[in-house]
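J.: To be precise about what I am sending: the file is called data_10.cif and holds mmCIF, C-alpha atoms and all ligand atoms.
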```cif
data_coords
#
loop_
_atom_site.label_atom_id
_atom_site.label_comp_id
_atom_site.auth_asym_id
_atom_site.auth_seq_id
_atom_site.Cartn_x
_atom_site.Cartn_y
_atom_site.Cartn_z
CA MET A 125 -31.30 -18.84 17.01
CA GLY A 126 -27.57 -18.62 16.33
CA ALA A 127 -25.36 -15.99 14.80
CA SER A 128 -25.32 -17.88 11.48
CA GLU A 129 -28.62 -16.21 10.69
CA ASN A 130 -26.91 -12.86 10.64
CA ALA A 131 -23.29 -13.93 10.05
CA SER A 132 -21.29 -11.12 8.53
CA THR A 133 -17.90 -9.55 8.11
CA SER A 134 -17.45 -6.39 10.11
CA THR A 135 -15.89 -3.05 9.33
CA GLU A 136 -17.39 -1.28 12.28
CA THR A 137 -15.29 0.83 14.55
CA ALA A 138 -15.08 0.86 18.33
CA MET A 139 -18.04 -0.73 20.08
CA THR A 140 -18.65 -0.76 23.76
CA THR A 141 -19.45 -4.04 25.52
CA PRO A 142 -22.13 -4.09 28.21
CA ASN A 143 -19.36 -3.71 30.73
CA GLY A 144 -17.62 -0.84 29.02
CA ILE A 145 -14.73 -2.39 27.07
CA ASP A 146 -14.36 -1.25 23.47
CA ALA A 147 -11.89 -2.31 20.81
CA ALA A 148 -9.76 0.81 21.19
CA MET A 149 -9.51 0.07 24.90
CA VAL A 150 -8.13 -3.41 24.33
CA GLU A 151 -4.55 -2.47 25.14
CA THR A 152 -3.40 -5.34 27.31
CA VAL A 153 -4.00 -8.88 26.13
CA GLY A 154 -3.40 -12.06 28.11
CA ILE A 155 -2.51 -15.25 26.25
CA LEU A 156 -2.77 -18.64 27.92
CA GLY A 157 -0.87 -21.57 26.48
CA SER A 158 2.65 -21.69 25.14
CA GLY A 159 2.13 -24.15 22.30
CA ILE A 160 2.07 -23.61 18.55
CA MET A 161 -0.87 -21.20 18.65
CA GLY A 162 -0.02 -19.42 21.91
CA SER A 163 3.30 -18.23 20.56
CA GLY A 164 1.71 -17.17 17.26
CA LEU A 165 -0.91 -15.16 19.16
CA ALA A 166 1.72 -13.48 21.35
CA GLU A 167 3.54 -12.36 18.21
CA VAL A 168 0.39 -11.10 16.47
CA PHE A 169 -0.86 -9.05 19.44
CA ALA A 170 2.56 -7.63 20.40
CA ARG A 171 3.06 -6.65 16.78
CA SER A 172 -0.19 -4.69 16.86
CA GLY A 173 1.32 -2.42 19.53
CA ARG A 174 -0.45 -4.01 22.49
CA GLN A 175 1.02 -5.21 25.75
CA VAL A 176 0.93 -9.00 26.01
CA ILE A 177 1.02 -11.07 29.18
CA MET A 178 2.05 -14.59 28.14
CA ARG A 179 1.04 -17.14 30.75
CA SER A 180 2.27 -20.71 30.67
CA ARG A 181 2.13 -23.26 33.48
CA THR A 182 5.89 -22.84 33.85
CA ARG A 183 7.98 -19.71 33.65
CA GLU A 184 10.34 -21.55 31.26
CA GLY A 185 7.38 -22.30 28.96
CA ALA A 186 6.45 -18.61 28.85
CA GLU A 187 10.07 -17.56 28.27
CA ALA A 188 10.39 -20.13 25.48
CA VAL A 189 7.51 -18.36 23.69
CA ILE A 190 9.43 -15.09 23.81
CA ALA A 191 12.49 -16.81 22.33
CA LYS A 192 10.27 -18.29 19.58
CA VAL A 193 8.73 -14.91 18.79
CA ASP A 194 12.19 -13.31 18.71
CA LYS A 195 13.39 -15.97 16.27
CA SER A 196 10.32 -15.56 14.08
CA LEU A 197 10.80 -11.76 14.00
CA GLY A 198 14.50 -12.29 13.25
CA ARG A 199 13.48 -13.93 9.97
CA GLN A 200 11.38 -10.84 9.15
CA VAL A 201 14.40 -8.62 9.86
CA GLU A 202 16.55 -10.74 7.52
CA LYS A 203 13.91 -10.28 4.81
CA GLU A 204 13.94 -6.53 5.58
CA LYS A 205 10.24 -6.57 6.44
CA LEU A 206 10.97 -5.32 9.96
CA SER A 207 13.74 -3.25 11.52
CA GLN A 208 15.91 -4.52 14.38
CA SER A 209 14.51 -1.84 16.70
CA GLU A 210 10.91 -2.83 15.85
CA ARG A 211 11.85 -6.43 16.61
CA GLU A 212 13.20 -5.41 20.03
CA GLN A 213 10.13 -3.30 20.77
CA ILE A 214 7.74 -6.16 19.93
CA VAL A 215 9.65 -8.68 22.04
CA ALA A 216 9.80 -6.20 24.95
CA ALA A 217 5.99 -5.87 24.83
CA ILE A 218 5.59 -9.53 25.90
CA THR A 219 5.77 -10.24 29.63
CA PRO A 220 6.22 -13.90 30.58
CA THR A 221 4.52 -15.34 33.65
CA ASP A 222 3.46 -18.63 35.20
CA SER A 223 0.82 -16.92 37.35
CA LEU A 224 -2.83 -16.48 36.40
CA ALA A 225 -3.01 -13.55 38.85
CA ASP A 226 -0.85 -11.51 36.45
CA LEU A 227 -3.77 -11.49 33.98
CA ALA A 228 -5.98 -9.50 36.36
CA GLU A 229 -5.69 -6.16 34.52
CA CYS A 230 -6.01 -7.52 30.97
CA ASP A 231 -8.75 -6.08 28.74
CA LEU A 232 -8.92 -9.30 26.73
CA VAL A 233 -7.68 -12.79 27.59
CA ILE A 234 -7.40 -15.49 24.93
CA GLU A 235 -7.06 -19.06 26.08
CA SER A 236 -5.11 -21.30 23.69
CA VAL A 237 -4.30 -24.41 25.71
CA VAL A 238 -4.81 -28.05 24.80
CA GLU A 239 -8.10 -28.86 22.99
CA ASP A 240 -9.79 -30.43 26.04
CA LEU A 241 -13.13 -29.10 27.27
CA GLU A 242 -12.60 -29.93 30.94
CA VAL A 243 -9.18 -28.26 31.01
CA LYS A 244 -10.58 -25.16 29.32
CA LYS A 245 -13.62 -25.01 31.63
CA GLU A 246 -11.40 -25.11 34.70
CA LEU A 247 -9.29 -22.29 33.30
CA PHE A 248 -12.34 -20.15 32.51
CA ARG A 249 -13.62 -20.64 36.07
CA GLU A 250 -10.28 -19.45 37.42
CA LEU A 251 -9.99 -16.58 34.93
CA ASP A 252 -13.46 -15.32 35.77
CA ALA A 253 -12.45 -14.96 39.40
CA ILE A 254 -9.19 -13.17 38.58
CA VAL A 255 -9.61 -11.00 35.49
CA LYS A 256 -11.18 -7.56 36.02
CA PRO A 257 -14.95 -7.27 35.54
CA GLY A 258 -15.95 -6.34 32.00
CA ALA A 259 -12.85 -7.79 30.34
CA ILE A 260 -13.52 -10.16 27.45
CA LEU A 261 -12.62 -13.82 27.96
CA ALA A 262 -12.03 -15.60 24.66
CA THR A 263 -11.06 -19.06 23.51
CA ASN A 264 -9.04 -20.07 20.47
CA THR A 265 -10.72 -23.48 20.44
CA SER A 266 -10.94 -25.14 17.04
CA THR A 267 -14.26 -26.91 17.65
CA LEU A 268 -15.46 -27.00 21.25
CA PRO A 269 -18.76 -25.34 22.24
CA VAL A 270 -17.94 -21.81 23.41
CA VAL A 271 -21.21 -21.66 25.36
CA GLU A 272 -19.86 -24.34 27.71
CA LEU A 273 -16.99 -22.04 28.64
CA ALA A 274 -19.26 -19.00 28.92
CA MET A 275 -21.55 -20.82 31.36
CA VAL A 276 -18.84 -21.60 33.92
CA THR A 277 -18.23 -17.87 34.29
CA GLY A 278 -20.27 -15.14 35.93
CA ARG A 279 -19.96 -13.07 32.73
CA PRO A 280 -21.35 -15.19 29.89
CA GLU A 281 -22.16 -12.01 27.94
CA SER A 282 -18.42 -11.27 27.70
CA VAL A 283 -17.25 -14.70 26.48
CA VAL A 284 -16.58 -15.36 22.77
CA GLY A 285 -14.46 -17.52 20.50
CA ILE A 286 -11.63 -15.83 18.59
CA HIS A 287 -10.29 -18.57 16.37
CA PHE A 288 -6.96 -17.95 14.65
CA PHE A 289 -5.34 -20.18 12.04
CA ASN A 290 -1.90 -21.75 12.01
CA PRO A 291 0.59 -20.06 11.66
CA ALA A 292 -1.25 -17.16 13.31
CA PRO A 293 1.13 -14.39 12.14
CA MET A 294 0.66 -15.40 8.49
CA MET A 295 -2.91 -16.59 8.15
CA LYS A 296 -5.41 -13.87 7.27
CA LEU A 297 -8.61 -15.38 8.64
CA VAL A 298 -10.03 -15.10 12.14
CA GLU A 299 -13.40 -16.70 12.96
CA VAL A 300 -15.26 -14.85 15.71
CA ILE A 301 -17.60 -17.31 17.38
CA HIS A 302 -20.91 -15.97 18.67
CA PRO A 303 -22.35 -18.22 21.39
CA ILE A 304 -26.00 -17.56 22.21
CA THR A 305 -24.88 -16.17 25.56
CA ALA A 306 -22.61 -13.41 24.18
CA ALA A 307 -23.71 -9.78 23.96
CA ASP A 308 -23.73 -8.48 20.39
CA ASP A 309 -21.33 -5.71 21.37
CA THR A 310 -18.82 -8.20 22.78
CA VAL A 311 -18.84 -9.98 19.42
CA LYS A 312 -18.50 -6.69 17.56
CA THR A 313 -15.55 -5.73 19.74
CA ALA A 314 -13.89 -9.07 18.99
CA LEU A 315 -14.43 -8.51 15.25
CA VAL A 316 -12.92 -5.04 15.43
CA VAL A 317 -9.95 -6.27 17.47
CA ALA A 318 -9.32 -9.05 14.91
CA GLU A 319 -9.44 -6.52 12.09
CA SER A 320 -7.06 -4.22 13.96
CA LEU A 321 -4.54 -7.07 13.67
CA GLY A 322 -4.81 -6.89 9.88
CA LYS A 323 -6.98 -10.01 9.77
CA ASP A 324 -10.16 -10.75 7.85
CA ALA A 325 -12.75 -11.48 10.51
CA VAL A 326 -15.95 -13.45 9.97
CA GLU A 327 -18.71 -13.99 12.50
CA VAL A 328 -19.97 -17.53 12.89
CA ALA A 329 -22.43 -19.34 15.13
CA ASP A 330 -21.27 -21.63 17.92
CA ARG A 331 -21.42 -24.95 16.03
CA ALA A 332 -18.63 -27.54 16.22
CA GLY A 333 -15.88 -26.77 13.71
CA PHE A 334 -17.36 -23.34 12.91
CA ILE A 335 -16.84 -22.77 9.16
CA VAL A 336 -13.35 -23.84 8.24
CA ASN A 337 -12.77 -26.95 10.33
CA ALA A 338 -16.29 -28.28 9.72
CA LEU A 339 -15.48 -28.28 6.00
CA LEU A 340 -11.75 -29.08 6.18
CA PHE A 341 -11.60 -32.00 8.61
CA PRO A 342 -13.76 -34.52 6.72
CA TYR A 343 -11.35 -33.97 3.81
CA LEU A 344 -8.23 -34.49 5.97
CA ASN A 345 -9.78 -37.51 7.67
CA ASN A 346 -10.81 -39.07 4.35
CA ALA A 347 -7.27 -38.59 3.02
CA VAL A 348 -5.99 -40.76 5.90
CA LYS A 349 -8.71 -43.37 5.26
CA MET A 350 -7.78 -43.39 1.56
CA TRP A 351 -4.13 -44.07 2.46
CA GLU A 352 -5.22 -46.80 4.92
CA GLN A 353 -7.17 -48.48 2.11
CA GLY A 354 -4.01 -48.53 -0.02
CA THR A 355 -5.37 -46.27 -2.74
CA ALA A 356 -2.15 -44.24 -2.95
CA SER A 357 0.92 -43.30 -0.92
CA ILE A 358 1.15 -40.29 1.41
CA ASP A 359 3.41 -38.51 -1.09
CA ALA A 360 1.06 -39.30 -3.99
CA ILE A 361 -2.04 -38.01 -2.14
CA ASP A 362 -0.24 -34.85 -1.03
CA SER A 363 1.08 -34.04 -4.49
CA ALA A 364 -2.27 -34.90 -6.11
CA MET A 365 -4.12 -32.39 -3.92
CA GLN A 366 -1.45 -29.73 -4.45
CA GLY A 367 -1.28 -30.19 -8.21
CA GLY A 368 -4.93 -31.05 -8.80
CA CYS A 369 -6.60 -28.50 -6.54
CA ASN A 370 -3.86 -25.88 -6.31
CA PHE A 371 -3.75 -26.30 -2.51
CA PRO A 372 -0.56 -24.91 -0.95
CA MET A 373 0.07 -28.20 0.83
CA GLY A 374 -1.38 -31.70 0.79
CA PRO A 375 -3.54 -33.20 3.58
CA PHE A 376 -0.74 -35.12 5.31
CA ALA A 377 1.57 -32.09 5.38
CA LEU A 378 -1.32 -30.08 6.84
CA LEU A 379 -2.16 -32.71 9.47
CA ASP A 380 1.49 -32.76 10.59
CA LEU A 381 1.42 -28.96 10.83
CA VAL A 382 -1.82 -28.87 12.84
CA GLY A 383 -0.69 -31.64 15.22
CA LEU A 384 -2.33 -35.07 15.19
CA ASP A 385 -3.54 -34.85 18.81
CA THR A 386 -5.30 -31.58 17.99
CA ALA A 387 -6.68 -33.14 14.78
CA VAL A 388 -8.16 -36.10 16.69
CA ALA A 389 -9.63 -33.76 19.31
CA ILE A 390 -11.25 -31.70 16.54
CA LEU A 391 -12.67 -34.79 14.80
CA ASP A 392 -13.98 -36.17 18.09
CA ALA A 393 -15.78 -32.89 18.83
CA LEU A 394 -17.25 -32.80 15.31
CA TYR A 395 -18.39 -36.44 15.55
CA GLU A 396 -19.86 -35.84 19.01
CA GLU A 397 -21.97 -32.97 17.65
CA PHE A 398 -23.03 -34.22 14.21
CA ARG A 399 -22.64 -38.06 14.33
CA ASP A 400 -21.51 -37.97 10.70
CA PRO A 401 -19.17 -40.93 9.93
CA ASN A 402 -16.93 -38.61 7.90
CA TYR A 403 -15.92 -37.07 11.24
CA ALA A 404 -15.07 -40.37 13.01
CA PRO A 405 -11.25 -40.21 13.26
CA ALA A 406 -9.36 -42.64 11.00
CA THR A 407 -7.84 -45.49 13.02
CA SER A 408 -4.24 -44.59 12.19
CA LEU A 409 -4.68 -41.08 13.58
CA ARG A 410 -5.49 -42.44 17.05
CA ARG A 411 -2.68 -45.00 16.90
CA MET A 412 -0.16 -42.33 15.96
CA VAL A 413 -1.31 -40.08 18.79
CA THR A 414 -0.93 -42.94 21.27
CA ALA A 415 2.60 -43.51 19.96
CA GLY A 416 3.43 -39.81 20.42
CA HIS A 417 3.81 -39.21 16.68
CA LEU A 418 2.05 -35.86 16.77
CA GLY A 419 3.53 -34.23 13.68
CA ARG A 420 6.03 -31.40 13.38
CA LYS A 421 5.86 -30.51 17.06
CA THR A 422 7.29 -33.90 18.11
CA GLY A 423 9.54 -34.38 15.07
CA ARG A 424 7.49 -37.26 13.70
CA GLY A 425 4.01 -37.61 12.26
CA PHE A 426 3.18 -38.85 8.78
CA ARG A 427 6.72 -37.69 7.98
CA TRP A 428 9.92 -37.10 9.96
CA TYR A 429 11.03 -33.53 10.77
N1 LIG B 1 -2.69 -26.36 15.86
C1 LIG B 1 -3.51 -25.68 15.09
O1 LIG B 1 -3.39 -25.70 13.86
C2 LIG B 1 -4.60 -24.84 15.72
C3 LIG B 1 -5.20 -23.83 14.94
C4 LIG B 1 -6.19 -23.01 15.53
C5 LIG B 1 -6.58 -23.23 16.86
N2 LIG B 1 -5.98 -24.24 17.57
C6 LIG B 1 -6.41 -24.41 18.96
O2 LIG B 1 -5.47 -23.76 19.79
C7 LIG B 1 -5.39 -24.43 21.06
C8 LIG B 1 -3.95 -24.82 21.33
O3 LIG B 1 -3.49 -25.65 20.26
P1 LIG B 1 -1.94 -25.77 19.88
O4 LIG B 1 -1.90 -26.29 18.48
O5 LIG B 1 -1.21 -24.52 20.23
O6 LIG B 1 -1.51 -26.96 20.86
P2 LIG B 1 -0.09 -27.33 21.45
O7 LIG B 1 -0.11 -28.80 21.73
O8 LIG B 1 1.02 -26.78 20.60
O9 LIG B 1 -0.07 -26.50 22.83
C9 LIG B 1 -0.98 -26.78 23.85
C10 LIG B 1 -0.60 -25.96 25.09
O10 LIG B 1 -1.51 -26.32 26.14
C11 LIG B 1 -0.78 -26.46 27.34
N3 LIG B 1 -1.51 -27.35 28.22
C12 LIG B 1 -1.66 -28.69 28.11
N4 LIG B 1 -2.39 -29.16 29.15
C13 LIG B 1 -2.71 -28.08 29.90
C14 LIG B 1 -3.43 -27.91 31.11
N5 LIG B 1 -3.97 -28.96 31.74
N6 LIG B 1 -3.57 -26.65 31.62
C15 LIG B 1 -3.02 -25.59 30.99
N7 LIG B 1 -2.29 -25.70 29.84
C16 LIG B 1 -2.16 -26.92 29.33
C17 LIG B 1 0.55 -27.05 26.87
O11 LIG B 1 1.54 -26.84 27.86
C18 LIG B 1 0.81 -26.23 25.62
O12 LIG B 1 1.39 -24.99 25.95
C19 LIG B 1 -6.36 -25.62 20.97
O13 LIG B 1 -7.59 -25.25 21.49
C20 LIG B 1 -6.46 -25.84 19.46
O14 LIG B 1 -7.65 -26.48 19.08
C21 LIG B 1 -4.99 -25.02 17.05
#
```
Take the structure from the file and write it as structure tokens.
T.:
Amino acid sequence: MGASENASTSTETAMTTPNGIDAAMVETVGILGSGIMGSGLAEVFARSGRQVIMRSRTREGAEAVIAKVDKSLGRQVEKEKLSQSEREQIVAAITPTDSLADLAECDLVIESVVEDLEVKKELFRELDAIVKPGAILATNTSTLPVVELAMVTGRPESVVGIHFFNPAPMMKLVEVIHPITAADDTVKTALVVAESLGKDAVEVADRAGFIVNALLFPYLNNAVKMWEQGTASIDAIDSAMQGGCNFPMGPFALLDLVGLDTAVAILDALYEEFRDPNYAPATSLRRMVTAGHLGRKTGRGFRWY
């Protein structure tokens, strides 16, 4: 039985995990991965008054995240939503590192590296050996089975998914993924932590794509197939879905924002689990990934940036 049977939103206050961590005690958060989501997560957690250890494989990668966060906060200062001293305080709360050992004292670690199960499993094995007992190990995976990551650790009861949306500082939703191995209190703590960030948290069972991506990706994929069939141009499909459905952006703009490599990885994981042809990635998506046209992050996807 999965958490979908009792899926809920949570307004509960501090809960203690089996190993003694509660939401109020989550003061130091480790973030792994310096890509689009890693830098968003660093900003969100530092802004909530927590200490953040930002780990990338290179020191330069971790420092680049701090520069990105500083730039993002600079825009908030210009809009007078943040003071200059708050900006400096938030940036100072993020410590860059290229060493996993520096995550040892974290209360919560969120992995947000490339959407590749083997890479994530290896990281969870290493984290389990390094991070203090009782700390929560979480993944920001978009689709992969969280239970697979839990089972490579010696603390499956303390492993959950905490799935943020892009861009993390702006998007309200966080999906908290409840694998069958997680203790209820670990999940509750994750929900409370997400809410302490000003997010709306929903609990969802450990099924590929969770709620949002399971519903969103067939739509994005079918938009690409529609374009491949010559039904309409990229611009026409994007403006039709904006104007006709009141979506803030069309499917091609969204795919370029998500990253086409991540989109293919998500579709592959959905197809692997459900074998529904709507999830089989459109041919052009794979070709574009092979060519390195990954969307905004590489300057070229369905459009040029
Ligand atoms: N892009 C989105 O819209 C989005 C939204 C929610 C969740 N996610 C999830 O967040 C995670 C990261 O996605 P992203 O969009 O930030 O990707 P990205 O391509 O921007 O960044 C990926 C990061 O992983 C690192 N990386 C690559 N190979 C690695 C390895 N072998 N070991 C350690 N680190 C490695 C890269 O250096 C980079 O810092 C994925 O699990 C993705 O599914 C993405």
J.: Step by step, gather every atom of segment 377-385 of chain A that the file lists, find the box along x, y and z that holds them, add 3 Å on each side, and finally give centre and edge lengths in Å to one decimal, as JSON.
T.:
```
{"center_x": -1.0, "center_y": -32.0, "center_z": 12.1, "size_x": 11.1, "size_y": 12.2, "size_z": 19.4}
```
J.: At what distance in Å, to one decimal, does atom CA of Gly173 of chain A lie from atom CA of Thr277 of chain A?
T.: 29.0 Å
J.: Using all atoms listed in the file, find each residue with an atom at most 9 Å away from ligand LIG 1 (chain B) and format the answer as an mmCIF file with C-alpha atoms, in the frame of the given file.
T.:
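result_37.cif written:
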```cif
data_model
loop_
_atom_site.group_PDB
_atom_site.id
_atom_site.type_symbol
_atom_site.label_atom_id
_atom_site.label_comp_id
_atom_site.auth_asym_id
_atom_site.auth_seq_id
_atom_site.Cartn_x
_atom_site.Cartn_y
_atom_site.Cartn_z
ATOM 1 C CA LEU A 156 -2.770 -18.640 27.920
ATOM 2 C CA GLY A 157 -0.870 -21.570 26.480
ATOM 3 C CA SER A 158 2.650 -21.690 25.140
ATOM 4 C CA GLY A 159 2.130 -24.150 22.300
ATOM 5 C CA ILE A 160 2.070 -23.610 18.550
ATOM 6 C CA MET A 161 -0.870 -21.200 18.650
ATOM 7 C CA GLY A 162 -0.020 -19.420 21.910
ATOM 8 C CA SER A 163 3.300 -18.230 20.560
ATOM 9 C CA GLY A 164 1.710 -17.170 17.260
ATOM 10 C CA SER A 180 2.270 -20.710 30.670
ATOM 11 C CA ARG A 181 2.130 -23.260 33.480
ATOM 12 C CA THR A 182 5.890 -22.840 33.850
ATOM 13 C CA GLY A 185 7.380 -22.300 28.960
ATOM 14 C CA ALA A 186 6.450 -18.610 28.850
ATOM 15 C CA GLU A 235 -7.060 -19.060 26.080
ATOM 16 C CA SER A 236 -5.110 -21.300 23.690
ATOM 17 C CA VAL A 237 -4.300 -24.410 25.710
ATOM 18 C CA VAL A 238 -4.810 -28.050 24.800
ATOM 19 C CA GLU A 239 -8.100 -28.860 22.990
ATOM 20 C CA ASP A 240 -9.790 -30.430 26.040
ATOM 21 C CA LEU A 241 -13.130 -29.100 27.270
ATOM 22 C CA GLU A 242 -12.600 -29.930 30.940
ATOM 23 C CA VAL A 243 -9.180 -28.260 31.010
ATOM 24 C CA LYS A 244 -10.580 -25.160 29.320
ATOM 25 C CA GLU A 246 -11.400 -25.110 34.700
ATOM 26 C CA LEU A 247 -9.290 -22.290 33.300
ATOM 27 C CA THR A 263 -11.060 -19.060 23.510
ATOM 28 C CA ASN A 264 -9.040 -20.070 20.470
ATOM 29 C CA THR A 265 -10.720 -23.480 20.440
ATOM 30 C CA SER A 266 -10.940 -25.140 17.040
ATOM 31 C CA THR A 267 -14.260 -26.910 17.650
ATOM 32 C CA LEU A 268 -15.460 -27.000 21.250
ATOM 33 C CA HIS A 287 -10.290 -18.570 16.370
ATOM 34 C CA PHE A 288 -6.960 -17.950 14.650
ATOM 35 C CA PHE A 289 -5.340 -20.180 12.040
ATOM 36 C CA ASN A 290 -1.900 -21.750 12.010
ATOM 37 C CA PRO A 291 0.590 -20.060 11.660
ATOM 38 C CA ALA A 292 -1.250 -17.160 13.310
ATOM 39 C CA LEU A 378 -1.320 -30.080 6.840
ATOM 40 C CA LEU A 379 -2.160 -32.710 9.470
ATOM 41 C CA LEU A 381 1.420 -28.960 10.830
ATOM 42 C CA VAL A 382 -1.820 -28.870 12.840
ATOM 43 C CA GLY A 383 -0.690 -31.640 15.220
ATOM 44 C CA LEU A 384 -2.330 -35.070 15.190
ATOM 45 C CA ASP A 385 -3.540 -34.850 18.810
ATOM 46 C CA THR A 386 -5.300 -31.580 17.990
ATOM 47 C CA ALA A 387 -6.680 -33.140 14.780
ATOM 48 C CA ALA A 389 -9.630 -33.760 19.310
ATOM 49 C CA ILE A 390 -11.250 -31.700 16.540
ATOM 50 C CA LEU A 418 2.050 -35.860 16.770
ATOM 51 C CA LYS A 421 5.860 -30.510 17.060
#
```
J.: How many Å lie between atom CA of Glu299 of chain A and atom CA of Ala314 of chain A, rounded to one decimal?
T.: 9.7 Å
J.: Report, in Å with one decimal, the straight-line distance from atom CA of Ile155 of chain A to atom CA of Pro303 of chain A.
T.: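 Answer for the atom CA of Ile155 of chain A to atom CA of Pro303 of chain A separation: 20.6 Å.
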J.: Take the point (1.3, -40.2, 1.2) in the file's coordinates, draw a sphere of radius 9 Å around it, and report as a PDB file with C-alpha atoms, in the frame of the given file every protein, DNA or RNA residue with an atom inside or on it, counting only C-alpha atoms.
T.:
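Contents of the output file point02.pdb:
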```pdb
ATOM      1  CA  ALA A 347      -7.270 -38.590   3.020  1.00  0.00           C
ATOM      2  CA  VAL A 348      -5.990 -40.760   5.900  1.00  0.00           C
ATOM      3  CA  TRP A 351      -4.130 -44.070   2.460  1.00  0.00           C
ATOM      4  CA  ALA A 356      -2.150 -44.240  -2.950  1.00  0.00           C
ATOM      5  CA  SER A 357       0.920 -43.300  -0.920  1.00  0.00           C
ATOM      6  CA  ILE A 358       1.150 -40.290   1.410  1.00  0.00           C
ATOM      7  CA  ASP A 359       3.410 -38.510  -1.090  1.00  0.00           C
ATOM      8  CA  ALA A 360       1.060 -39.300  -3.990  1.00  0.00           C
ATOM      9  CA  ILE A 361      -2.040 -38.010  -2.140  1.00  0.00           C
ATOM     10  CA  ASP A 362      -0.240 -34.850  -1.030  1.00  0.00           C
ATOM     11  CA  SER A 363       1.080 -34.040  -4.490  1.00  0.00           C
ATOM     12  CA  GLY A 374      -1.380 -31.700   0.790  1.00  0.00           C
ATOM     13  CA  PRO A 375      -3.540 -33.200   3.580  1.00  0.00           C
ATOM     14  CA  PHE A 376      -0.740 -35.120   5.310  1.00  0.00           C
ATOM     15  CA  PHE A 426       3.180 -38.850   8.780  1.00  0.00           C
TER      16      PHE A 426
END
```
J.: List the neighbours of Lys192 of chain A out to 10 Å using only C-alpha atoms; skip same-chain residues closer than 4 positions along the sequence, and give me the result as a PyMOL selection string.
T.: chain A and resi 160+163-164+166-167+187-188+196-198+215
J.: Can you tell me which residues surround Glu397 of chain A at a distance of at most 12 Å, considering all atoms listed in the file, apart from same-chain residues fewer than 6 positions away, and format the answer as a VMD selection string?
T.: chain A and resid 267 to 269 330 to 334 338 390 to 391 403 to 404
J.: Compare A:Lys245, A:Val388, A:Pro293, A:Leu251 by their minimum atom-to-atom distance to Arg411 of chain A, counting only C-alpha atoms, and give me the closest one.
T.: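 Among the listed residues, A:Val388 lies closest to Arg411 of chain A.
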J.: Using only C-alpha atoms, can you tell me which of A:Leu340, A:Val271, A:Val300, A:Met294 comes closest to Gln200 of chain A?
T.: A:Met294
J.: When you look at Arg249 of chain A with a cut-off of 9 Å (counting only C-alpha atoms), what residues show up, excluding the ones that are within fewer than 6 positions of it in the same chain? I need them as a list in words.
T.: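 Residues meeting the cut-off are Leu273, Val276, Thr277 and Gly278 of chain A.
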J.: So that I can check the surroundings of Ala225 of chain A, please list as a VMD selection string every protein, DNA and RNA residue that reaches within 10 Å of it, counting only C-alpha atoms and ignoring chain neighbours fewer than 5 positions away.
T.: chain A and resid 179 250 to 251 253 to 255
J.: So, counting all atoms listed in the file, which residue among A:Leu394, A:Val298, A:Leu232, A:Leu261 is closest to Leu321 of chain A?
T.: A:Val298
J.: So, counting all atoms listed in the file, which residue among A:Arg183, A:Arg399, A:Arg171, A:Lys349 is closest to Thr221 of chain A?
T.: A:Arg183
J.: Could you check which of A:Ile301, A:Val336, A:Ala393, A:Ala406 is closest to Gln353 of chain A, using all atoms listed in the file?
T.: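 Checking each of A:Ile301, A:Val336, A:Ala393, A:Ala406 against Gln353 of chain A, counting all atoms listed in the file, the winner is A:Ala406.
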J.: Identify which of the residues A:Asp309, A:Glu281, A:Glu151, A:Glu229 lies closest to Phe169 of chain A, counting only C-alpha atoms when measuring atom-to-atom distances.
T.: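 Of A:Asp309, A:Glu281, A:Glu151, A:Glu229, the one nearest Phe169 of chain A is A:Glu151, counting only C-alpha atoms.
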